[in-house]
>>> print(open('final_4.tsv').read())   # TSV, C-alpha atoms
chain	number	residue	atom	x	y	z
A	74	MET	CA	63.75	278.27	10.70
A	75	TRP	CA	62.07	277.14	7.49
A	76	ASP	CA	63.37	274.58	5.04
A	77	GLN	CA	64.92	275.23	1.65
A	78	GLN	CA	61.78	274.11	-0.17
A	79	PHE	CA	59.71	276.79	1.56
A	80	GLU	CA	62.29	279.45	0.77
A	81	GLU	CA	62.45	278.55	-2.91
A	82	LEU	CA	58.68	278.38	-3.24
A	83	LEU	CA	58.06	281.66	-1.47
A	84	ARG	CA	60.63	283.52	-3.54
A	85	GLN	CA	58.72	282.63	-6.70
A	86	TYR	CA	55.89	284.87	-5.49
A	87	LEU	CA	58.03	287.86	-4.57
A	88	PRO	CA	58.83	289.54	-7.88
A	89	PHE	CA	60.41	292.59	-6.24
A	90	LEU	CA	62.80	290.67	-3.99
A	91	PRO	CA	66.31	290.64	-5.51
A	92	ALA	CA	67.79	287.14	-5.76
A	93	ASP	CA	70.72	288.13	-3.54
A	94	GLU	CA	68.59	289.70	-0.81
A	95	GLN	CA	68.07	287.61	2.28
A	96	LEU	CA	64.58	286.55	3.27
A	97	THR	CA	64.12	287.20	7.00
A	98	GLU	CA	61.33	286.22	9.38
A	99	GLY	CA	59.99	289.76	9.22
A	100	THR	CA	60.33	290.49	5.50
A	101	PRO	CA	57.05	292.25	4.56
A	102	LEU	CA	55.76	290.00	1.79
A	103	ARG	CA	53.31	292.52	0.33
A	104	ASP	CA	56.06	295.09	-0.13
A	105	PHE	CA	57.98	292.59	-2.21
A	106	GLY	CA	55.08	291.87	-4.54
A	107	LEU	CA	52.86	289.25	-2.90
A	108	ASP	CA	49.36	290.47	-3.83
A	109	SER	CA	45.96	288.84	-3.31
A	110	LEU	CA	46.14	286.49	-6.27
A	111	GLY	CA	49.74	285.71	-5.38
A	112	MET	CA	48.53	284.61	-1.94
A	113	VAL	CA	45.96	282.33	-3.50
A	114	GLU	CA	48.55	280.74	-5.77
A	115	LEU	CA	51.13	280.46	-2.98
A	116	LEU	CA	48.58	278.86	-0.69
A	117	ALA	CA	47.74	276.21	-3.28
A	118	ALA	CA	51.46	275.61	-3.93
A	119	LEU	CA	52.21	275.18	-0.21
A	120	GLU	CA	49.29	272.81	0.24
A	121	GLY	CA	50.36	270.76	-2.73
A	122	THR	CA	54.03	270.67	-1.76
A	123	TYR	CA	53.53	269.82	1.92
A	124	ASP	CA	50.32	267.81	1.50
A	125	VAL	CA	48.43	269.88	4.05
A	126	ARG	CA	45.20	271.85	4.07
A	127	PHE	CA	44.94	275.32	5.58
A	128	THR	CA	41.65	275.98	7.42
A	129	ASP	CA	40.15	278.22	10.08
A	130	ASP	CA	42.51	280.77	11.61
A	131	ALA	CA	45.35	279.90	9.23
A	132	LEU	CA	43.20	281.18	6.37
A	133	SER	CA	43.55	284.90	6.70
A	134	ILE	CA	45.44	287.63	4.92
A	135	GLU	CA	47.51	288.08	8.10
A	136	THR	CA	49.02	284.62	7.59
A	137	PHE	CA	50.81	286.03	4.56
A	138	GLU	CA	52.25	289.04	6.35
A	139	SER	CA	55.82	287.70	6.62
A	140	PRO	CA	57.81	284.48	6.08
A	141	GLY	CA	57.94	283.94	9.85
A	142	VAL	CA	54.17	284.06	10.32
A	143	LEU	CA	53.50	281.95	7.25
A	144	TRP	CA	56.05	279.30	8.20
A	145	LYS	CA	54.64	279.09	11.73
A	146	GLN	CA	51.16	278.40	10.37
A	147	LEU	CA	52.53	275.84	7.95
A	148	ALA	CA	54.71	274.17	10.58
A	149	ASP	CA	51.65	273.73	12.81
A	150	LEU	CA	50.13	271.64	10.03
A	151	ILE	CA	53.23	269.49	9.46
A	152	PRO	CA	54.47	268.32	12.87
A	153	SER	CA	57.71	266.96	11.43
A	154	ALA	CA	58.72	270.50	10.48
A	155	VAL	CA	58.71	271.84	14.03
B	708	MET	CA	55.10	289.56	-35.79
B	709	LYS	CA	52.75	288.38	-38.54
B	710	THR	CA	52.23	285.13	-36.66
B	711	GLU	CA	51.11	287.18	-33.67
B	712	SER	CA	48.41	288.96	-35.64
B	713	ARG	CA	46.95	285.66	-36.82
B	714	THR	CA	46.32	284.48	-33.31
B	715	ARG	CA	42.61	284.83	-32.66
B	716	THR	CA	42.56	287.48	-29.99
B	717	ALA	CA	40.06	289.20	-27.73
B	718	MET	CA	40.78	292.55	-26.16
B	719	VAL	CA	39.81	292.53	-22.49
B	720	PHE	CA	39.56	295.57	-20.26
B	721	PRO	CA	39.80	294.63	-16.59
B	722	GLY	CA	37.64	295.62	-13.68
B	723	MET	CA	39.16	298.38	-11.64
B	724	GLY	CA	41.59	297.68	-8.84
B	725	PRO	CA	43.85	299.97	-6.85
B	726	SER	CA	46.30	301.66	-9.20
B	727	SER	CA	48.31	304.39	-7.53
B	728	PHE	CA	49.88	307.42	-9.16
B	729	ALA	CA	53.27	306.09	-8.08
B	730	ASP	CA	52.62	302.98	-10.17
B	731	VAL	CA	51.16	304.53	-13.32
B	732	GLY	CA	51.94	308.26	-13.25
B	733	LYS	CA	55.11	307.94	-15.29
B	734	PHE	CA	53.25	305.99	-17.96
B	735	MET	CA	50.62	308.74	-18.17
B	736	LEU	CA	53.29	311.42	-18.54
B	737	ILE	CA	55.56	309.67	-21.01
B	738	ASN	CA	53.70	307.12	-23.13
B	739	PRO	CA	52.48	308.88	-26.31
B	740	HIS	CA	49.16	306.99	-26.41
B	741	ALA	CA	48.48	307.86	-22.78
B	742	ARG	CA	49.52	311.49	-23.26
B	743	LYS	CA	47.12	311.87	-26.18
B	744	LEU	CA	44.22	310.51	-24.15
B	745	VAL	CA	45.15	312.49	-21.05
B	746	ALA	CA	45.01	315.64	-23.19
B	747	VAL	CA	41.54	314.63	-24.38
B	748	ALA	CA	40.47	314.07	-20.77
B	749	ASP	CA	41.86	317.46	-19.71
B	750	ASP	CA	39.81	319.13	-22.45
B	751	VAL	CA	36.62	317.25	-21.66
B	752	LEU	CA	36.81	317.57	-17.87
B	753	GLY	CA	38.29	321.05	-17.61
B	754	TYR	CA	41.04	320.08	-15.19
B	755	SER	CA	44.46	318.45	-15.31
B	756	LEU	CA	43.78	314.75	-14.85
B	757	VAL	CA	47.38	314.03	-13.89
B	758	ASP	CA	47.47	316.80	-11.28
B	759	LYS	CA	44.14	315.78	-9.75
B	760	PHE	CA	45.03	312.10	-9.76
B	761	ARG	CA	48.40	312.78	-8.13
B	762	ASP	CA	46.98	315.11	-5.47
B	763	THR	CA	43.83	313.21	-4.47
B	764	GLU	CA	43.79	310.35	-2.01
B	765	GLY	CA	41.65	307.27	-2.50
B	766	ASP	CA	41.95	304.32	-4.83
B	767	TYR	CA	38.54	304.98	-6.41
B	768	SER	CA	38.28	308.76	-6.62
B	769	GLU	CA	36.76	310.28	-9.76
B	770	TYR	CA	40.28	311.04	-10.95
B	771	ALA	CA	41.57	307.55	-10.23
B	772	GLN	CA	38.66	306.12	-12.21
B	773	VAL	CA	39.20	308.34	-15.23
B	774	ALA	CA	42.93	307.66	-15.07
B	775	PHE	CA	42.28	303.91	-15.00
B	776	LEU	CA	40.00	304.21	-18.05
B	777	VAL	CA	42.49	306.34	-19.98
B	778	ASN	CA	45.36	303.99	-19.16
B	779	CYS	CA	43.39	300.93	-20.27
B	780	LEU	CA	42.60	302.51	-23.63
B	781	ALA	CA	46.16	303.78	-24.06
B	782	LEU	CA	47.54	300.32	-23.32
B	783	ALA	CA	45.22	298.74	-25.89
B	784	GLU	CA	46.47	301.21	-28.49
B	785	TRP	CA	50.06	300.55	-27.45
B	786	ALA	CA	49.55	296.80	-27.78
B	787	GLU	CA	48.11	297.24	-31.26
B	788	LYS	CA	50.90	299.51	-32.48
B	789	THR	CA	53.80	297.87	-30.69
B	790	LEU	CA	52.89	294.21	-30.41
B	791	ASP	CA	50.72	293.95	-33.55
B	792	VAL	CA	47.73	292.83	-31.53
B	793	VAL	CA	44.60	292.57	-33.67
B	794	SER	CA	41.41	291.82	-31.75
B	795	GLU	CA	38.18	290.48	-33.22
B	796	ILE	CA	36.02	290.93	-30.12
B	797	VAL	CA	36.16	292.91	-26.89
B	798	ALA	CA	35.03	292.28	-23.32
B	799	GLY	CA	35.14	294.40	-20.21
B	800	PRO	CA	34.09	292.92	-16.91
B	801	SER	CA	32.68	295.39	-14.37
B	802	PHE	CA	34.47	298.76	-14.72
B	803	GLY	CA	35.99	297.45	-17.95
B	804	GLU	CA	32.61	297.91	-19.65
B	805	LYS	CA	33.41	301.59	-20.06
B	806	ALA	CA	36.70	301.05	-21.84
B	807	ALA	CA	35.09	298.35	-23.99
B	808	THR	CA	32.41	300.86	-24.99
B	809	ALA	CA	35.01	303.38	-26.17
B	810	TYR	CA	37.29	300.78	-27.75
B	811	SER	CA	34.43	299.30	-29.76
B	812	GLY	CA	33.50	302.75	-31.06
B	813	SER	CA	30.01	302.58	-29.60
B	814	LEU	CA	30.62	305.92	-27.90
B	815	PRO	CA	33.34	308.49	-28.68
B	816	VAL	CA	36.13	308.40	-26.13
B	817	GLU	CA	35.26	311.95	-25.06
B	818	ASP	CA	31.76	310.81	-24.07
B	819	VAL	CA	33.09	307.82	-22.16
B	820	ILE	CA	35.59	309.95	-20.25
B	821	LEU	CA	32.87	312.41	-19.25
B	822	LEU	CA	30.48	309.58	-18.40
B	823	THR	CA	33.11	307.91	-16.21
B	824	ALA	CA	33.65	311.10	-14.22
B	825	GLN	CA	29.89	311.67	-13.91
B	826	LEU	CA	29.22	308.10	-12.82
B	827	ALA	CA	31.91	308.34	-10.16
B	828	ARG	CA	30.11	311.35	-8.71
B	829	TYR	CA	26.69	309.68	-8.94
B	830	LEU	CA	28.00	306.60	-7.14
B	831	ASP	CA	29.54	308.72	-4.38
B	832	ASP	CA	26.32	310.65	-3.90
B	833	TYR	CA	24.07	307.59	-4.04
B	834	PHE	CA	26.01	305.40	-1.65
B	835	ALA	CA	26.63	308.27	0.77
B	836	VAL	CA	22.96	308.03	1.73
B	837	GLU	CA	21.67	304.70	0.36
B	838	HIS	CA	22.62	301.18	1.42
B	839	THR	CA	25.21	302.53	3.81
B	840	ASP	CA	25.37	299.16	5.56
B	841	ILE	CA	26.18	297.06	2.48
B	842	VAL	CA	29.58	295.76	1.36
B	843	THR	CA	30.88	293.44	-1.34
B	844	HIS	CA	33.22	290.73	-0.14
B	845	SER	CA	35.47	288.63	-2.38
B	846	PHE	CA	36.78	285.17	-1.60
B	847	VAL	CA	38.31	282.09	-3.21
B	848	ARG	CA	38.49	278.35	-2.67
B	849	VAL	CA	34.74	278.03	-2.24
B	850	GLY	CA	32.90	275.95	-4.83
B	851	GLU	CA	29.38	276.45	-6.07
B	852	GLU	CA	27.82	273.92	-3.68
B	853	ARG	CA	29.50	275.35	-0.61
B	854	LEU	CA	28.49	278.83	-1.67
B	855	ALA	CA	24.90	277.63	-2.06
B	856	ASP	CA	25.06	276.34	1.53
B	857	ILE	CA	26.25	279.72	2.79
B	858	LYS	CA	23.59	281.55	0.81
B	859	GLY	CA	20.99	279.17	2.21
B	860	GLU	CA	22.11	279.91	5.75
B	861	LEU	CA	21.87	283.65	5.13
B	862	THR	CA	18.40	283.17	3.69
B	863	ASP	CA	17.37	281.14	6.74
B	864	LEU	CA	18.58	284.00	8.90
B	865	ASP	CA	16.44	286.32	6.77
B	866	GLU	CA	19.56	288.24	5.76
B	867	TRP	CA	19.59	289.86	2.32
B	868	HIS	CA	22.53	289.03	0.03
B	869	GLU	CA	23.36	288.80	-3.69
B	870	ILE	CA	26.28	287.47	-5.71
B	871	SER	CA	27.91	290.45	-7.44
B	872	CYS	CA	30.63	288.73	-9.41
B	873	TYR	CA	31.33	285.22	-10.71
B	874	VAL	CA	35.10	285.26	-11.22
B	875	ASP	CA	35.91	281.54	-11.38
B	876	ASP	CA	34.27	278.30	-10.32
B	877	ASP	CA	35.64	278.80	-6.80
B	878	PHE	CA	35.98	282.59	-6.75
B	879	TYR	CA	33.05	284.91	-6.04
B	880	MET	CA	32.08	288.31	-4.73
B	881	LEU	CA	29.10	288.35	-2.40
B	882	THR	CA	27.28	291.50	-1.37
B	883	LEU	CA	25.67	291.54	2.05
B	884	ARG	CA	24.98	293.68	5.07
B	885	GLU	CA	28.11	294.65	6.91
B	886	HIS	CA	26.91	293.15	10.20
B	887	ASN	CA	27.11	289.71	8.54
B	888	LEU	CA	30.69	290.17	7.37
B	889	GLU	CA	32.48	288.62	10.33
B	890	TRP	CA	30.05	285.70	10.27
B	891	LEU	CA	30.77	285.21	6.57
B	892	LYS	CA	34.54	285.34	7.03
B	893	LYS	CA	34.34	282.75	9.80
B	894	ARG	CA	32.14	280.47	7.71
B	895	LEU	CA	34.50	280.78	4.76
B	896	ARG	CA	37.55	279.92	6.85
B	897	ALA	CA	35.80	276.90	8.31
B	898	ILE	CA	35.30	275.39	4.87
B	899	GLY	CA	38.77	276.24	3.59
B	900	GLY	CA	37.88	279.48	1.85
B	901	LEU	CA	40.20	282.49	1.79
B	902	SER	CA	38.74	285.97	2.17
B	903	LEU	CA	40.46	288.54	0.00
B	904	TYR	CA	39.03	292.04	0.30
B	905	THR	CA	35.87	293.93	1.15
B	906	MET	CA	34.68	296.77	-1.03
B	907	ARG	CA	32.51	299.78	-0.47
B	908	PRO	CA	30.68	301.07	-2.40
B	909	PRO	CA	29.18	297.73	-3.36
B	910	MET	CA	28.22	297.02	-6.96
B	911	HIS	CA	26.13	294.87	-9.30
B	912	CYS	CA	23.00	294.20	-7.20
B	913	GLY	CA	19.29	294.20	-8.06
B	914	ILE	CA	18.46	296.52	-5.18
B	915	PHE	CA	20.39	299.33	-6.88
B	916	GLU	CA	17.61	299.72	-9.45
B	917	PRO	CA	16.91	303.34	-8.37
B	918	LEU	CA	20.51	304.20	-9.24
B	919	ARG	CA	20.16	302.56	-12.64
B	920	THR	CA	16.98	304.52	-13.29
B	921	LYS	CA	18.54	307.82	-12.21
B	922	VAL	CA	21.61	307.30	-14.37
B	923	ALA	CA	19.49	306.27	-17.37
B	924	GLU	CA	17.30	309.35	-17.05
B	925	GLU	CA	19.93	311.92	-16.21
B	926	LEU	CA	23.13	310.79	-17.95
B	927	PHE	CA	22.19	308.45	-20.78
B	928	THR	CA	19.39	310.40	-22.43
B	929	ASN	CA	21.65	312.46	-24.66
B	930	LEU	CA	24.18	309.76	-25.46
B	931	GLU	CA	24.02	308.28	-28.94
B	932	PHE	CA	25.33	304.74	-28.94
B	933	ALA	CA	26.58	303.54	-32.32
B	934	ASP	CA	26.76	299.88	-33.29
B	935	PRO	CA	30.18	298.62	-32.15
B	936	ARG	CA	32.81	297.99	-34.87
B	937	ILE	CA	33.52	294.59	-33.30
B	938	PRO	CA	31.26	292.54	-31.03
B	939	VAL	CA	31.25	293.37	-27.33
B	940	VAL	CA	30.75	290.47	-24.94
B	941	LYS	CA	28.02	291.33	-22.48
B	942	ASP	CA	29.32	291.44	-18.96
B	943	GLN	CA	26.13	290.05	-17.42
B	944	ASP	CA	25.52	286.93	-19.51
B	945	GLY	CA	28.33	286.50	-22.04
B	946	SER	CA	26.15	287.19	-25.08
B	947	GLU	CA	27.69	288.98	-28.06
B	948	ILE	CA	26.45	292.54	-28.46
B	949	THR	CA	26.40	293.98	-31.95
B	950	THR	CA	24.14	297.02	-31.53
B	951	GLY	CA	24.48	300.38	-29.86
B	952	ALA	CA	21.31	299.72	-27.90
B	953	GLY	CA	22.88	296.55	-26.59
B	954	VAL	CA	25.98	298.37	-25.38
B	955	ARG	CA	23.79	300.96	-23.65
B	956	GLU	CA	21.84	298.21	-21.92
B	957	MET	CA	25.05	296.48	-20.79
B	958	LEU	CA	26.32	299.67	-19.13
B	959	LEU	CA	23.04	300.21	-17.31
B	960	ASP	CA	22.61	296.56	-16.35
B	961	GLY	CA	26.05	296.74	-14.77
B	962	PHE	CA	24.45	298.53	-11.83
B	963	VAL	CA	21.90	295.82	-11.09
B	964	ARG	CA	23.16	292.50	-12.46
B	965	PRO	CA	26.26	290.53	-11.50
B	966	THR	CA	29.43	290.44	-13.54
B	967	ARG	CA	29.90	286.96	-14.97
B	968	TRP	CA	33.50	286.56	-16.08
B	969	THR	CA	32.77	282.83	-16.23
B	970	ASP	CA	30.19	283.43	-18.99
B	971	ILE	CA	32.48	285.82	-20.87
B	972	VAL	CA	35.23	283.19	-20.91
B	973	ALA	CA	32.77	280.54	-22.16
B	974	THR	CA	31.69	282.79	-25.04
B	975	LEU	CA	35.25	283.63	-26.07
B	976	LYS	CA	36.23	279.97	-25.90
B	977	ALA	CA	33.24	278.87	-27.99
B	978	ARG	CA	34.14	281.48	-30.60
B	979	GLY	CA	37.62	280.04	-30.97
B	980	ILE	CA	39.54	282.80	-29.22
B	981	GLU	CA	43.07	281.63	-28.44
B	982	ARG	CA	44.51	284.67	-26.71
B	983	VAL	CA	43.24	287.47	-24.51
B	984	CYS	CA	45.06	290.77	-24.45
B	985	VAL	CA	44.23	292.22	-21.04
B	986	ALA	CA	44.87	295.95	-21.29
B	987	GLY	CA	45.15	297.68	-17.93
B	988	ALA	CA	46.71	297.54	-14.51
B	989	ASP	CA	44.99	294.26	-13.72
B	990	SER	CA	45.60	291.95	-10.79
B	991	LEU	CA	42.59	289.70	-11.19
B	992	PHE	CA	41.03	288.73	-14.51
B	993	SER	CA	44.29	288.05	-16.35
B	994	ARG	CA	45.54	285.86	-13.51
B	995	VAL	CA	42.70	283.64	-12.32
B	996	GLY	CA	42.91	279.97	-13.22
B	997	LEU	CA	39.86	280.10	-15.50
B	998	THR	CA	41.54	282.64	-17.78
B	999	ARG	CA	44.96	280.93	-17.73
B	1000	LYS	CA	43.46	277.51	-18.43
B	1001	ASN	CA	41.55	278.65	-21.49
B	1002	PHE	CA	43.75	281.24	-23.20
B	1003	ASP	CA	47.22	282.52	-23.76
B	1004	VAL	CA	47.23	285.68	-21.70
B	1005	LEU	CA	48.95	288.83	-22.89
B	1006	ALA	CA	48.76	291.10	-19.87
B	1007	VAL	CA	49.60	294.60	-21.04
B	1008	ASN	CA	50.21	296.98	-18.15
B	1009	PRO	CA	51.98	300.31	-17.63
B	1010	ARG	CA	55.09	298.57	-16.32
B	1011	MET	CA	55.41	296.54	-19.52
B	1012	ALA	CA	54.78	299.54	-21.74
B	1013	MET	CA	57.49	301.53	-19.97
B	1014	GLN	CA	60.21	298.96	-20.57
B	1015	PRO	CA	62.67	299.94	-23.29
B	1016	ARG	CA	62.00	298.10	-26.54
B	1017	ARG	CA	64.34	297.50	-29.43
B	1018	ARG	CA	63.31	299.54	-32.45
B	1019	ALA	CA	62.27	297.47	-35.46
B	1020	ALA	CA	64.72	297.69	-38.37
B	1021	VAL	CA	63.50	299.97	-41.14
B	1022	ALA	CA	63.55	298.32	-44.57
>>> encode(input="final_4.tsv", output="C-alpha cells")
Amino acid sequence: MWDQQFEELLRQYLPFLPADEQLTEGTPLRDFGLDSLGMVELLAALEGTYDVRFTDDALSIETFESPGVLWKQLADLIPSAV
Amino acid sequence: MKTESRTRTAMVFPGMGPSSFADVGKFMLINPHARKLVAVADDVLGYSLVDKFRDTEGDYSEYAQVAFLVNCLALAEWAEKTLDVVSEIVAGPSFGEKAATAYSGSLPVEDVILLTAQLARYLDDYFAVEHTDIVTHSFVRVGEERLADIKGELTDLDEWHEISCYVDDDFYMLTLREHNLEWLKKRLRAIGGLSLYTMRPPMHCGIFEPLRTKVAEELFTNLEFADPRIPVVKDQDGSEITTGAGVREMLLDGFVRPTRWTDIVATLKARGIERVCVAGADSLFSRVGLTRKNFDVLAVNPRMAMQPRRRAAVA
C-alpha cells in the first residue's frame, strides 16, 4: 500500500473526489478529474517529491489509470518503498 | 471591482478540446449570454443547435464546434458583465481564432457562426479523402533540442513531418504519418517525454495548402472583414493585427502554419499584459506552465458561470 505522502499528493489532482471518500487501488483517476494536464503536473510533483525520474514504459497514460497502477510504477523507481 | 478593471487584461479564446453536452448543455440552456447566442446560431444555421449537439456523437462534430464557439463568446460576455473584465487585446490559438474574430468585431457573429459550421464540413470532406494517413500527436517534457533530434531522425528516414503547435518550451504537437506513431511514442518515452493524445483530422501543416485555397475561394470571397476594435494577436507569429485583411489572413494561415502559443505569450508579455481571461471550456492554454508563469489566469468556463453568485447591492 502507498504512503501518506502519495495519498495527499494524488488527492490534490482529483477535484471530483470528496475528501471523505476513500482512495482505493482501483479508483478510476480520470473519472475523479485527473485530465491530461493534471497528469503532467502530477508526474512532475511525484518526481520532485520522491526524487525519481519516470522513463520508458512508466511514461504512458495507462500509468495514471488508478492509484494502484501509479504507485506500482513509482515503487519500482524507489526500492525503499516496496 | 474597479481594481479588477484596471488590470491590463487580454481576452484569450482557447483551442478546441472535448466538451460534452453533459458538461456544457446546462450552461447553454440557462445562461442568458449563451441563450442569446444560441438563438442567433439557430437562426443562422436553420436548426436547433442544442438539439443537434445533444443528439450527435463525436467531440468535433459540426454542432460541437459551433457550440464551443458560442460558449466561448458567451463566457467572454459573462466575464465582462459579471466580473468587470475589460480587455485591451485578444488572442485565439488554433480554433480560438474564430471566436477572436467575432469578439474583435472583424466579422459579425452571425458570419462567424456560419463560417464555423461550413469549415467543419469542409474539413470533414477534405480529410475523408486527403492525407488519410496523417495524425497530429501531442506530447510534453521534450525540450527543443531533443525535439530537433527526433525531427532529424524522421528526416533521415525520409519521413514527412511538421510541427503543428508550439504550446510551451517542452510541449509540442507534431504531425506525421500514422505508421510512424508507435516509433514516435517509443522515442518520446525513452527520453522522458509523455505522450498525451493523437488527433485526426490533423491541422496546421503546409501540405494542406489546397484546403486553404479551396476555403479562400469558396467561403471567404463574400466575407467583409472589418478592422478589429482591439488588436488581435496573430496565432502564427504573435504579431498584432489591426486590419480586417490581417484577420482574414490569420484565419486562412491557420490551415497551413503552426499555432505558436509561445509567440502569443511573448507578445502579450512585451505589451505589459498582466492577466489573461481565458474564455471557454479549456484544459490546455490556461493551464500550461508558460501561461501560469507569465500571467494571472482568469479561466472562465461554463462550470464557473453556473455557480450561484451574490447579487451586487443596488445603490
>>> residues_around(input="final_4.tsv", residues="Gly141 of chain A", least_positions_apart="5", cutoff="12 Å", atoms="only C-alpha atoms", output="PDB file with C-alpha atoms, in the coordinates of the input")
ATOM      1  CA  MET A  74      63.750 278.270  10.700  1.00  0.00           C
ATOM      2  CA  TRP A  75      62.070 277.140   7.490  1.00  0.00           C
ATOM      3  CA  ASP A  76      63.370 274.580   5.040  1.00  0.00           C
ATOM      4  CA  PHE A  79      59.710 276.790   1.560  1.00  0.00           C
ATOM      5  CA  GLU A  80      62.290 279.450   0.770  1.00  0.00           C
ATOM      6  CA  LEU A  83      58.060 281.660  -1.470  1.00  0.00           C
ATOM      7  CA  LEU A  96      64.580 286.550   3.270  1.00  0.00           C
ATOM      8  CA  THR A  97      64.120 287.200   7.000  1.00  0.00           C
ATOM      9  CA  GLU A  98      61.330 286.220   9.380  1.00  0.00           C
ATOM     10  CA  GLY A  99      59.990 289.760   9.220  1.00  0.00           C
ATOM     11  CA  THR A 100      60.330 290.490   5.500  1.00  0.00           C
ATOM     12  CA  PRO A 101      57.050 292.250   4.560  1.00  0.00           C
ATOM     13  CA  LEU A 102      55.760 290.000   1.790  1.00  0.00           C
ATOM     14  CA  GLU A 135      47.510 288.080   8.100  1.00  0.00           C
ATOM     15  CA  THR A 136      49.020 284.620   7.590  1.00  0.00           C
ATOM     16  CA  GLN A 146      51.160 278.400  10.370  1.00  0.00           C
ATOM     17  CA  LEU A 147      52.530 275.840   7.950  1.00  0.00           C
ATOM     18  CA  ALA A 148      54.710 274.170  10.580  1.00  0.00           C
TER      19      ALA A 148
END
>>> closest_residue(input="final_4.tsv", among="A:Asp93, A:Glu81, A:Glu114, A:Asp149", to="Asp130 of chain A", atoms="only C-alpha atoms")
A:Asp149
>>> closest_residue(input="final_4.tsv", among="B:Leu903, B:Val819, B:Cys779, B:Leu881", to="chain A", atoms="all atoms listed in the file")
B:Leu903
>>> interface_residues(input="final_4.tsv", of="chain B", to="chain A", cutoff="7 Å", atoms="only C-alpha atoms", output="PyMOL selection string")
chain B and resi 896-899+901-903+991
>>> closest_residue(input="final_4.tsv", among="A:Ala118, A:Leu143, A:Val125, A:Ile151", to="Gln85 of chain A", atoms="all atoms listed in the file")
A:Ala118
>>> residues_around(input="final_4.tsv", residues="segment 713-719 of chain B", least_positions_apart="2", cutoff="7 Å", atoms="all atoms listed in the file", output="PyMOL selection string")
chain B and resi 709-711+721+793-799+980-986
>>> atom_distance(input="final_4.tsv", atom1="atom CA of Tyr767 of chain B", atom2="atom CA of Val731 of chain B")
14.4 Å
>>> residues_around(input="final_4.tsv", residues="segment 733-750 of chain B", least_positions_apart="5", cutoff="9 Å", atoms="only C-alpha atoms", output="MDAnalysis selection string")
chainID B and resid 728 755:757 773:774 777:782 784:785 816:817 820:821 1009:1010 1012:1013
>>> atom_distance(input="final_4.tsv", atom1="atom CA of Ile937 of chain B", atom2="atom CA of Pro800 of chain B")
16.5 Å
>>> residues_around(input="final_4.tsv", residues="Cys912 of chain B", least_positions_apart="3", cutoff="6 Å", atoms="all atoms listed in the file", output="ChimeraX atom specification")
/B:915,963-964
>>> atom_distance(input="final_4.tsv", atom1="atom CA of Arg955 of chain B", atom2="atom CA of Ala988 of chain B")
24.9 Å
>>> residues_near_point(input="final_4.tsv", point="(24.2, 311.5, -20.7)", cutoff="10 Å", atoms="only C-alpha atoms", output="tab-separated table (two decimals) with C-alpha atoms, in the coordinates of the input")
chain	number	residue	atom	x	y	z
B	818	ASP	CA	31.76	310.81	-24.07
B	819	VAL	CA	33.09	307.82	-22.16
B	821	LEU	CA	32.87	312.41	-19.25
B	822	LEU	CA	30.48	309.58	-18.40
B	825	GLN	CA	29.89	311.67	-13.91
B	826	LEU	CA	29.22	308.10	-12.82
B	922	VAL	CA	21.61	307.30	-14.37
B	923	ALA	CA	19.49	306.27	-17.37
B	924	GLU	CA	17.30	309.35	-17.05
B	925	GLU	CA	19.93	311.92	-16.21
B	926	LEU	CA	23.13	310.79	-17.95
B	927	PHE	CA	22.19	308.45	-20.78
B	928	THR	CA	19.39	310.40	-22.43
B	929	ASN	CA	21.65	312.46	-24.66
B	930	LEU	CA	24.18	309.76	-25.46
B	931	GLU	CA	24.02	308.28	-28.94
>>> residues_around(input="final_4.tsv", residues="segment 882-893 of chain B", least_positions_apart="2", cutoff="8 Å", atoms="all atoms listed in the file", output="PDB file with C-alpha atoms, in the coordinates of the input")
ATOM      1  CA  ASP A 129      40.150 278.220  10.080  1.00  0.00           C
TER       2      ASP A 129
ATOM      3  CA  ASP B 840      25.370 299.160   5.560  1.00  0.00           C
ATOM      4  CA  ILE B 841      26.180 297.060   2.480  1.00  0.00           C
ATOM      5  CA  VAL B 842      29.580 295.760   1.360  1.00  0.00           C
ATOM      6  CA  THR B 843      30.880 293.440  -1.340  1.00  0.00           C
ATOM      7  CA  HIS B 844      33.220 290.730  -0.140  1.00  0.00           C
ATOM      8  CA  GLU B 866      19.560 288.240   5.760  1.00  0.00           C
ATOM      9  CA  TRP B 867      19.590 289.860   2.320  1.00  0.00           C
ATOM     10  CA  HIS B 868      22.530 289.030   0.030  1.00  0.00           C
ATOM     11  CA  GLU B 869      23.360 288.800  -3.690  1.00  0.00           C
ATOM     12  CA  ILE B 870      26.280 287.470  -5.710  1.00  0.00           C
ATOM     13  CA  SER B 871      27.910 290.450  -7.440  1.00  0.00           C
ATOM     14  CA  MET B 880      32.080 288.310  -4.730  1.00  0.00           C
ATOM     15  CA  LEU B 895      34.500 280.780   4.760  1.00  0.00           C
ATOM     16  CA  ARG B 896      37.550 279.920   6.850  1.00  0.00           C
ATOM     17  CA  ALA B 897      35.800 276.900   8.310  1.00  0.00           C
ATOM     18  CA  SER B 902      38.740 285.970   2.170  1.00  0.00           C
ATOM     19  CA  PRO B 909      29.180 297.730  -3.360  1.00  0.00           C
ATOM     20  CA  MET B 910      28.220 297.020  -6.960  1.00  0.00           C
ATOM     21  CA  CYS B 912      23.000 294.200  -7.200  1.00  0.00           C
TER      22      CYS B 912
END
>>> closest_residue(input="final_4.tsv", among="B:Asp960, B:Gly900, B:Thr862, B:Val972", to="Arg999 of chain B", atoms="all atoms listed in the file")
B:Val972
>>> closest_residue(input="final_4.tsv", among="B:Gly765, B:Gly803, B:Pro1015, B:Gly979", to="Val939 of chain B", atoms="only C-alpha atoms")
B:Gly803
>>> closest_residue(input="final_4.tsv", among="B:Lys1000, B:Lys805, B:Lys759, B:Lys921", to="Val954 of chain B", atoms="only C-alpha atoms")
B:Lys805
